[in-house]
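A short write-up of the structure that comes next.
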Amino acid sequence: MDMPLLGLGTWPLAGDQARRTVRLALELGYRHVDTAQMYGNEAEVGAGLREAGVPRDEVFVTTKIHQDRFTEGTALESARASVEAIGLGPVDLILCHWPPRGVAPAQVAEELAAMRDEGLTRHIGVSNFNVSQMREAAAAAPILTNQVEFHPLLDQSRLLAAAREIGVTLTAYRPILRGEALRLPAVRAIAAETGRNPAAVVLRWIIQQGVHAICMSTSRERLAGNQEALDFSLSEDQMARITALTSANRRSCDYPDWQPDWEG
Ligand SMILES: NC(=O)c1ccc[n+]([C@@H]2O[C@H](COP(=O)([O-])OP(=O)(O)OC[C@H]3O[C@@H](n4cnc5c(N)ncnc54)[C@H](OP(=O)(O)O)[C@@H]3O)[C@@H](O)[C@H]2O)c1
């Protein structure tokens with residue numbers, strides 16, 4: 001299956017809450033779930049997926065390998081452990097979580113390709129790679145996606161243009177800025193105009209650009225409401241009014257030890 005446009009994020013869910021949220025999302029129709037070694041919940045996410053009872057080939061499962069495993073040269077064995085922890089057989093997508101310091105993007109891509117060749121995953125990709133890192137990785141192996149912060153207060157137009165040019169999709173993380181984007185006056189106005197909830201408006205703005213989105217909620221009502229993003233369209237004017245907000249260019253996931261040169 002192709003990667004569904006809207007998926008469930010699972011950070012910072014842990015334990016029973018992670019398991020229950022994944023099962024609930026699948027009951028509501030979600031078919032795309034995102035986890036990571038760093039979240040410490042791969043086993044619980046896997047348990048929730050198994051409990052939901054959806055046929056394995058109808059749900060798209062992503063995990064991410066900690067960037068330090070690439071630096072240490074243990075990425076492949078670490079990916080085997082992740083796939084085992086999730087407990088569903090091969091996953092659909094394995095990403096390198098952040099660009100590892102001191103390891104060339106081409107080498108990261110080759111190590112990811114080895115995971116695919118071993119049958120641990122159907123697709124490979126990267127996360128938090130800047131334009132030049134993404135280009136280098138994609139030149140070395142076919143990269144499905146670059147998972148990056150993407151919401152109405154961040155200008156990702158340069159990265160999106162480059163990704164389109166080389167046939168890589170972007171996947172938006174933190175798409176509603178943990179709820180903050182829902183309070184923006186332009187978003188609220190467009191929600192009133194369309195009769196849709198603000199989260200559906202923001203997620204629609206992302207999806208309508210051909211960008212995938214993963215959003216986290218533990219609430220049945222909000223999980224269901226977020227899915228409305230798939231059911232309507234924004235006009236060109238409404239898209240442009242939200243795009244205008246990206247000039248704020250504010251990043252919320254900024255870790256000095258991990259982040260690349262975002263302008264690179
Ligand atoms: N690759 C990376 O480096 C990276 C970094 C960060 C995140 N991610 C992934 O991206 C996923 C999504 O990002 P995120 O969780 O940071 O942020 P987010 O999805 O933008 O926001 C999640 C927060 O918004 C609330 N929420 C969800 N739907 C809502 C709605 N309709 N109305 C009001 N509040 C709503 C949730 O609370 P309730 O539970 O109370 O609804 C939760 O606190 C993560 O879960 C993770 O899987 C990846």
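Naming scheme: A, B, ... for chains in displayed order of the structure tokens; residues 1 onward per chain; ligands 1 onward as shown.
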
Tell me, counting only C-alpha atoms and all ligand atoms, for each residue of chain A within 7 Å of ligand 1, which pair of atoms is nearest and how far apart they are in Å to one decimal, in rows ordered by chain and increasing number, as JSON lines.
```
{"residue": "A:Leu8", "atom": "CA", "partner": "ligand 1", "partner_atom_place_in_ligand_line": "47 (O)", "distance": 6.9}
{"residue": "A:Gly9", "atom": "CA", "partner": "ligand 1", "partner_atom_place_in_ligand_line": "47 (O)", "distance": 3.3}
{"residue": "A:Thr10", "atom": "CA", "partner": "ligand 1", "partner_atom_place_in_ligand_line": "45 (O)", "distance": 4.1}
{"residue": "A:Trp11", "atom": "CA", "partner": "ligand 1", "partner_atom_place_in_ligand_line": "45 (O)", "distance": 3.8}
{"residue": "A:Pro12", "atom": "CA", "partner": "ligand 1", "partner_atom_place_in_ligand_line": "45 (O)", "distance": 6.4}
{"residue": "A:Asp34", "atom": "CA", "partner": "ligand 1", "partner_atom_place_in_ligand_line": "47 (O)", "distance": 5.1}
{"residue": "A:Thr35", "atom": "CA", "partner": "ligand 1", "partner_atom_place_in_ligand_line": "47 (O)", "distance": 5.6}
{"residue": "A:His97", "atom": "CA", "partner": "ligand 1", "partner_atom_place_in_ligand_line": "1 (N)", "distance": 5.7}
{"residue": "A:Trp98", "atom": "CA", "partner": "ligand 1", "partner_atom_place_in_ligand_line": "3 (O)", "distance": 6.7}
{"residue": "A:Ser127", "atom": "CA", "partner": "ligand 1", "partner_atom_place_in_ligand_line": "1 (N)", "distance": 5.3}
{"residue": "A:Asn128", "atom": "CA", "partner": "ligand 1", "partner_atom_place_in_ligand_line": "3 (O)", "distance": 6.2}
{"residue": "A:Gln147", "atom": "CA", "partner": "ligand 1", "partner_atom_place_in_ligand_line": "1 (N)", "distance": 5.6}
{"residue": "A:Val148", "atom": "CA", "partner": "ligand 1", "partner_atom_place_in_ligand_line": "1 (N)", "distance": 6.0}
{"residue": "A:Glu149", "atom": "CA", "partner": "ligand 1", "partner_atom_place_in_ligand_line": "5 (C)", "distance": 6.8}
{"residue": "A:Tyr173", "atom": "CA", "partner": "ligand 1", "partner_atom_place_in_ligand_line": "10 (O)", "distance": 3.9}
{"residue": "A:Arg174", "atom": "CA", "partner": "ligand 1", "partner_atom_place_in_ligand_line": "13 (O)", "distance": 3.3}
{"residue": "A:Pro175", "atom": "CA", "partner": "ligand 1", "partner_atom_place_in_ligand_line": "20 (O)", "distance": 4.2}
{"residue": "A:Ile176", "atom": "CA", "partner": "ligand 1", "partner_atom_place_in_ligand_line": "20 (O)", "distance": 3.7}
{"residue": "A:Leu177", "atom": "CA", "partner": "ligand 1", "partner_atom_place_in_ligand_line": "20 (O)", "distance": 4.1}
{"residue": "A:Arg178", "atom": "CA", "partner": "ligand 1", "partner_atom_place_in_ligand_line": "21 (O)", "distance": 3.2}
{"residue": "A:Gly179", "atom": "CA", "partner": "ligand 1", "partner_atom_place_in_ligand_line": "24 (O)", "distance": 4.6}
{"residue": "A:Ala199", "atom": "CA", "partner": "ligand 1", "partner_atom_place_in_ligand_line": "31 (N)", "distance": 4.8}
{"residue": "A:Ile214", "atom": "CA", "partner": "ligand 1", "partner_atom_place_in_ligand_line": "11 (C)", "distance": 5.2}
{"residue": "A:Cys215", "atom": "CA", "partner": "ligand 1", "partner_atom_place_in_ligand_line": "19 (O)", "distance": 3.4}
{"residue": "A:Met216", "atom": "CA", "partner": "ligand 1", "partner_atom_place_in_ligand_line": "19 (O)", "distance": 4.1}
{"residue": "A:Ser217", "atom": "CA", "partner": "ligand 1", "partner_atom_place_in_ligand_line": "39 (O)", "distance": 3.5}
{"residue": "A:Thr218", "atom": "CA", "partner": "ligand 1", "partner_atom_place_in_ligand_line": "39 (O)", "distance": 3.9}
{"residue": "A:Ser219", "atom": "CA", "partner": "ligand 1", "partner_atom_place_in_ligand_line": "41 (O)", "distance": 5.1}
{"residue": "A:Arg222", "atom": "CA", "partner": "ligand 1", "partner_atom_place_in_ligand_line": "31 (N)", "distance": 4.3}
{"residue": "A:Leu223", "atom": "CA", "partner": "ligand 1", "partner_atom_place_in_ligand_line": "28 (N)", "distance": 6.4}
{"residue": "A:Gly225", "atom": "CA", "partner": "ligand 1", "partner_atom_place_in_ligand_line": "31 (N)", "distance": 6.1}
{"residue": "A:Asn226", "atom": "CA", "partner": "ligand 1", "partner_atom_place_in_ligand_line": "31 (N)", "distance": 5.5}
{"residue": "A:Cys253", "atom": "CA", "partner": "ligand 1", "partner_atom_place_in_ligand_line": "5 (C)", "distance": 6.5}
```

Please identify all polymer residues within 9 Å of region 258-264 of chain A, counting only C-alpha atoms, omitting same-chain residues fewer than 3 positions from it, and present them as a compact mmCIF listing (two decimals) with N, CA, C and O atoms, in the first residue's frame.
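Done, and the output landed in part-v1.txt:
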```
# COMPACT_ATOMS: atom_id res chain seq x y z
N GLN A 67 19.75 8.25 15.45
CA GLN A 67 20.90 8.65 14.62
C GLN A 67 22.23 8.15 15.20
O GLN A 67 23.17 7.87 14.44
N TRP A 98 17.48 11.63 12.86
CA TRP A 98 18.13 12.93 12.65
C TRP A 98 19.41 12.67 11.87
O TRP A 98 19.96 11.56 11.95
N PRO A 99 19.92 13.63 11.12
CA PRO A 99 21.17 13.40 10.38
C PRO A 99 22.31 13.14 11.37
O PRO A 99 22.63 14.00 12.17
N PRO A 100 22.92 11.95 11.34
CA PRO A 100 23.98 11.66 12.31
C PRO A 100 25.22 12.49 12.02
O PRO A 100 25.63 12.61 10.86
N ARG A 101 25.79 13.05 13.07
CA ARG A 101 27.02 13.84 12.90
C ARG A 101 28.16 12.93 12.46
O ARG A 101 28.32 11.83 13.00
N ASN A 128 14.37 15.08 9.36
CA ASN A 128 15.15 16.26 9.78
C ASN A 128 16.41 16.47 8.94
O ASN A 128 17.40 17.01 9.43
N PHE A 129 16.39 16.02 7.68
CA PHE A 129 17.52 16.27 6.78
C PHE A 129 17.27 17.61 6.08
O PHE A 129 16.15 17.90 5.66
N ASN A 130 18.33 18.42 5.94
CA ASN A 130 18.19 19.68 5.21
C ASN A 130 18.24 19.39 3.70
O ASN A 130 18.38 18.22 3.29
N VAL A 131 18.15 20.44 2.89
CA VAL A 131 18.05 20.24 1.44
C VAL A 131 19.24 19.46 0.90
O VAL A 131 19.08 18.47 0.18
N SER A 132 20.45 19.86 1.26
CA SER A 132 21.61 19.17 0.65
C SER A 132 21.74 17.75 1.18
O SER A 132 22.09 16.83 0.43
N GLN A 133 21.44 17.53 2.46
CA GLN A 133 21.50 16.17 3.02
C GLN A 133 20.45 15.27 2.35
O GLN A 133 20.72 14.11 2.02
N CYS A 253 10.98 22.29 17.07
CA CYS A 253 11.88 21.15 17.34
C CYS A 253 13.29 21.54 16.97
O CYS A 253 13.74 21.30 15.86
N ASP A 254 13.98 22.17 17.89
CA ASP A 254 15.32 22.67 17.62
C ASP A 254 16.23 22.14 18.71
O ASP A 254 16.17 22.59 19.84
N TYR A 255 17.04 21.14 18.38
CA TYR A 255 17.94 20.55 19.38
C TYR A 255 19.37 20.84 18.96
O TYR A 255 19.84 20.29 17.96
```

Any idea what's packed within 12 Å of Ile86 (chain A), counting only C-alpha atoms, ignoring anything in its chain fewer than 6 positions away? Could you give it as a list in words?
-> Arg19, Val33, Asp34, Thr35, Ala36, Gln37, Gly40, Asn41, Glu42, Ala43, Glu44, Val45, Gly46, Ala47, Gly48, Leu49, Arg50, Val61, Thr62, Thr63, Lys64, Ala79, Arg80, Asp92 and Leu120 of chain A

For Thr246 (chain A), work out the shell of residues within 8 Å, counting only C-alpha atoms and skipping chain neighbours fewer than 6 positions away, then give it as a VMD selection string.
-> chain A and resid 151 to 155

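Those residues that approach Ile206 (chain A) to within 10 Å, counting only C-alpha atoms, are Leu5, Leu6, Phe150, His151, Pro152, Leu170, Thr171, Ala172, Pro175, Ile176, Ala200, Val201, Val211, His212, Ala213, Ala229, Met239, Ile242 and Thr243 of chain A; same-chain residues fewer than 5 positions away are not listed.
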
Out of region 47-238 of chain A, which residues get strand (DSSP E) from DSSP, as a ChimeraX atom specification?
-> /A:60-65,91-96,121-127,145-149,169-173,212-215

Mind writing the picked residues with N, CA, C and O atoms as a short mmCIF file (atom, residue, chain, number, x, y, z; two decimals), in the first residue's frame?
```
data_model
loop_
_atom_site.label_atom_id
_atom_site.label_comp_id
_atom_site.auth_asym_id
_atom_site.auth_seq_id
_atom_site.Cartn_x
_atom_site.Cartn_y
_atom_site.Cartn_z
N PHE A 60 0.00 1.12 7.40
CA PHE A 60 1.36 1.55 7.07
C PHE A 60 2.08 1.93 8.36
O PHE A 60 1.65 2.86 9.07
N VAL A 61 3.14 1.22 8.68
CA VAL A 61 3.83 1.40 9.96
C VAL A 61 5.25 1.93 9.73
O VAL A 61 6.02 1.33 8.97
N THR A 62 5.55 3.03 10.41
CA THR A 62 6.88 3.66 10.28
C THR A 62 7.60 3.61 11.62
O THR A 62 6.99 3.87 12.66
N THR A 63 8.89 3.30 11.60
CA THR A 63 9.70 3.56 12.79
C THR A 63 10.98 4.27 12.38
O THR A 63 11.29 4.39 11.19
N LYS A 64 11.67 4.79 13.39
CA LYS A 64 12.87 5.59 13.12
C LYS A 64 14.01 5.07 13.98
O LYS A 64 13.84 4.84 15.18
N ILE A 65 15.16 4.93 13.34
CA ILE A 65 16.35 4.47 14.03
C ILE A 65 17.10 5.68 14.59
O ILE A 65 17.29 6.68 13.88
N VAL A 91 8.35 -3.79 8.73
CA VAL A 91 7.58 -2.55 8.77
C VAL A 91 7.50 -1.97 7.36
O VAL A 91 8.09 -2.51 6.42
N ASP A 92 6.76 -0.89 7.21
CA ASP A 92 6.59 -0.29 5.88
C ASP A 92 7.67 0.74 5.58
O ASP A 92 8.02 0.96 4.43
N LEU A 93 8.16 1.39 6.64
CA LEU A 93 9.11 2.49 6.42
C LEU A 93 10.05 2.59 7.62
O LEU A 93 9.58 2.63 8.77
N ILE A 94 11.33 2.64 7.34
CA ILE A 94 12.33 2.93 8.38
C ILE A 94 13.03 4.23 8.01
O ILE A 94 13.49 4.40 6.87
N LEU A 95 13.10 5.14 8.98
CA LEU A 95 13.76 6.43 8.79
C LEU A 95 14.99 6.53 9.68
O LEU A 95 15.01 5.94 10.77
N CYS A 96 15.95 7.31 9.25
CA CYS A 96 17.02 7.75 10.15
C CYS A 96 16.49 9.02 10.83
O CYS A 96 16.12 9.98 10.16
N THR A 121 12.10 -3.79 6.08
CA THR A 121 11.17 -2.71 5.74
C THR A 121 10.94 -2.68 4.24
O THR A 121 11.80 -3.10 3.46
N ARG A 122 9.77 -2.16 3.84
CA ARG A 122 9.49 -2.04 2.40
C ARG A 122 10.13 -0.78 1.83
O ARG A 122 10.54 -0.74 0.68
N HIS A 123 10.13 0.30 2.63
CA HIS A 123 10.65 1.58 2.16
C HIS A 123 11.63 2.15 3.17
O HIS A 123 11.58 1.79 4.35
N ILE A 124 12.44 3.09 2.71
CA ILE A 124 13.38 3.78 3.61
C ILE A 124 13.23 5.29 3.42
O ILE A 124 12.72 5.75 2.39
N GLY A 125 13.67 6.02 4.43
CA GLY A 125 13.59 7.47 4.33
C GLY A 125 14.42 8.13 5.41
O GLY A 125 15.13 7.46 6.18
N VAL A 126 14.32 9.45 5.47
CA VAL A 126 15.11 10.23 6.41
C VAL A 126 14.19 11.17 7.17
O VAL A 126 13.02 11.34 6.82
N SER A 127 14.73 11.79 8.20
CA SER A 127 13.95 12.74 8.99
C SER A 127 14.88 13.86 9.43
O SER A 127 16.02 13.59 9.82
N THR A 145 10.56 9.42 1.79
CA THR A 145 10.11 10.66 2.43
C THR A 145 11.19 11.26 3.29
O THR A 145 12.14 10.59 3.70
N ASN A 146 11.04 12.55 3.55
CA ASN A 146 11.82 13.27 4.55
C ASN A 146 10.81 13.78 5.57
O ASN A 146 9.97 14.62 5.23
N GLN A 147 10.83 13.23 6.78
CA GLN A 147 9.85 13.63 7.81
C GLN A 147 10.40 14.84 8.54
O GLN A 147 11.46 14.75 9.18
N VAL A 148 9.68 15.95 8.48
CA VAL A 148 10.21 17.21 9.01
C VAL A 148 9.11 18.00 9.71
O VAL A 148 7.92 17.79 9.48
N GLU A 149 9.53 18.95 10.53
CA GLU A 149 8.56 19.86 11.14
C GLU A 149 7.90 20.67 10.02
O GLU A 149 8.58 21.21 9.14
N THR A 169 8.64 12.66 -1.06
CA THR A 169 7.53 13.36 -0.41
C THR A 169 8.03 13.90 0.94
O THR A 169 8.98 13.36 1.52
N LEU A 170 7.41 14.97 1.40
CA LEU A 170 7.67 15.39 2.78
C LEU A 170 6.56 14.83 3.66
O LEU A 170 5.41 14.67 3.21
N THR A 171 6.91 14.49 4.90
CA THR A 171 5.91 14.11 5.90
C THR A 171 5.98 15.14 7.02
O THR A 171 7.06 15.37 7.58
N ALA A 172 4.83 15.75 7.31
CA ALA A 172 4.78 16.84 8.28
C ALA A 172 4.66 16.29 9.69
O ALA A 172 3.67 15.64 10.01
N TYR A 173 5.65 16.58 10.54
CA TYR A 173 5.46 16.30 11.97
C TYR A 173 5.14 17.61 12.69
O TYR A 173 5.40 18.68 12.17
N HIS A 212 2.42 14.63 3.32
CA HIS A 212 1.76 13.74 4.28
C HIS A 212 1.81 14.38 5.66
O HIS A 212 2.65 15.25 5.91
N ALA A 213 0.92 13.97 6.56
CA ALA A 213 0.92 14.57 7.91
C ALA A 213 0.70 13.50 8.96
O ALA A 213 -0.12 12.60 8.77
N ILE A 214 1.46 13.59 10.05
CA ILE A 214 1.20 12.73 11.20
C ILE A 214 0.88 13.62 12.39
O ILE A 214 1.64 14.53 12.73
N CYS A 215 -0.28 13.37 12.98
CA CYS A 215 -0.76 14.20 14.08
C CYS A 215 -1.10 13.27 15.24
O CYS A 215 -1.61 12.18 15.03
#
```

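Taking CA of Ala186 (chain A) and CA of Asn249 (chain A) as endpoints, the distance between them is 16.1 Å.
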
Measure the distance from CA of Gly167 (chain A) to CA of Ile143 (chain A) in Å and round it to one decimal.
-> 8.7 Å

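Distances from A:Met38, A:Gln209, A:Arg20, A:Asp57 to Ala161 (chain A) were compared using only C-alpha atoms, and the smallest one belongs to A:Gln209.
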
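Within 10 Å of region 193-195 of chain A, once only C-alpha atoms are used and residues closer than 6 positions along the same chain are dropped, the contacting residues are Val187, Val201, Phe232, Ser233, Leu234, Ser235 and Gln238 of chain A.
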
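For the residues A:Leu245, A:Ala25, A:Ala224, A:Ala113, ranking by smallest atom-to-atom distance to Pro185 (chain A) using only C-alpha atoms places A:Leu245 first.
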
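Distances to Val103 (chain A) were evaluated for A:Ala163, A:Ala240, A:Val22, A:Ala137 using only C-alpha atoms, and the minimum falls at A:Ala137.
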
Could you pull out the residues in region 50-204 of chain A that DSSP calls helix (DSSP H, G or I) from the backbone, as an NGL selection string?
-> :A and (50-52 or 56-58 or 67-72 or 75-86 or 105-117 or 131-140 or 157-166 or 177-183 or 185-194 or 198-204)

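CA of Arg164 (chain A) sits 22.6 Å away from CA of Arg250 (chain A).
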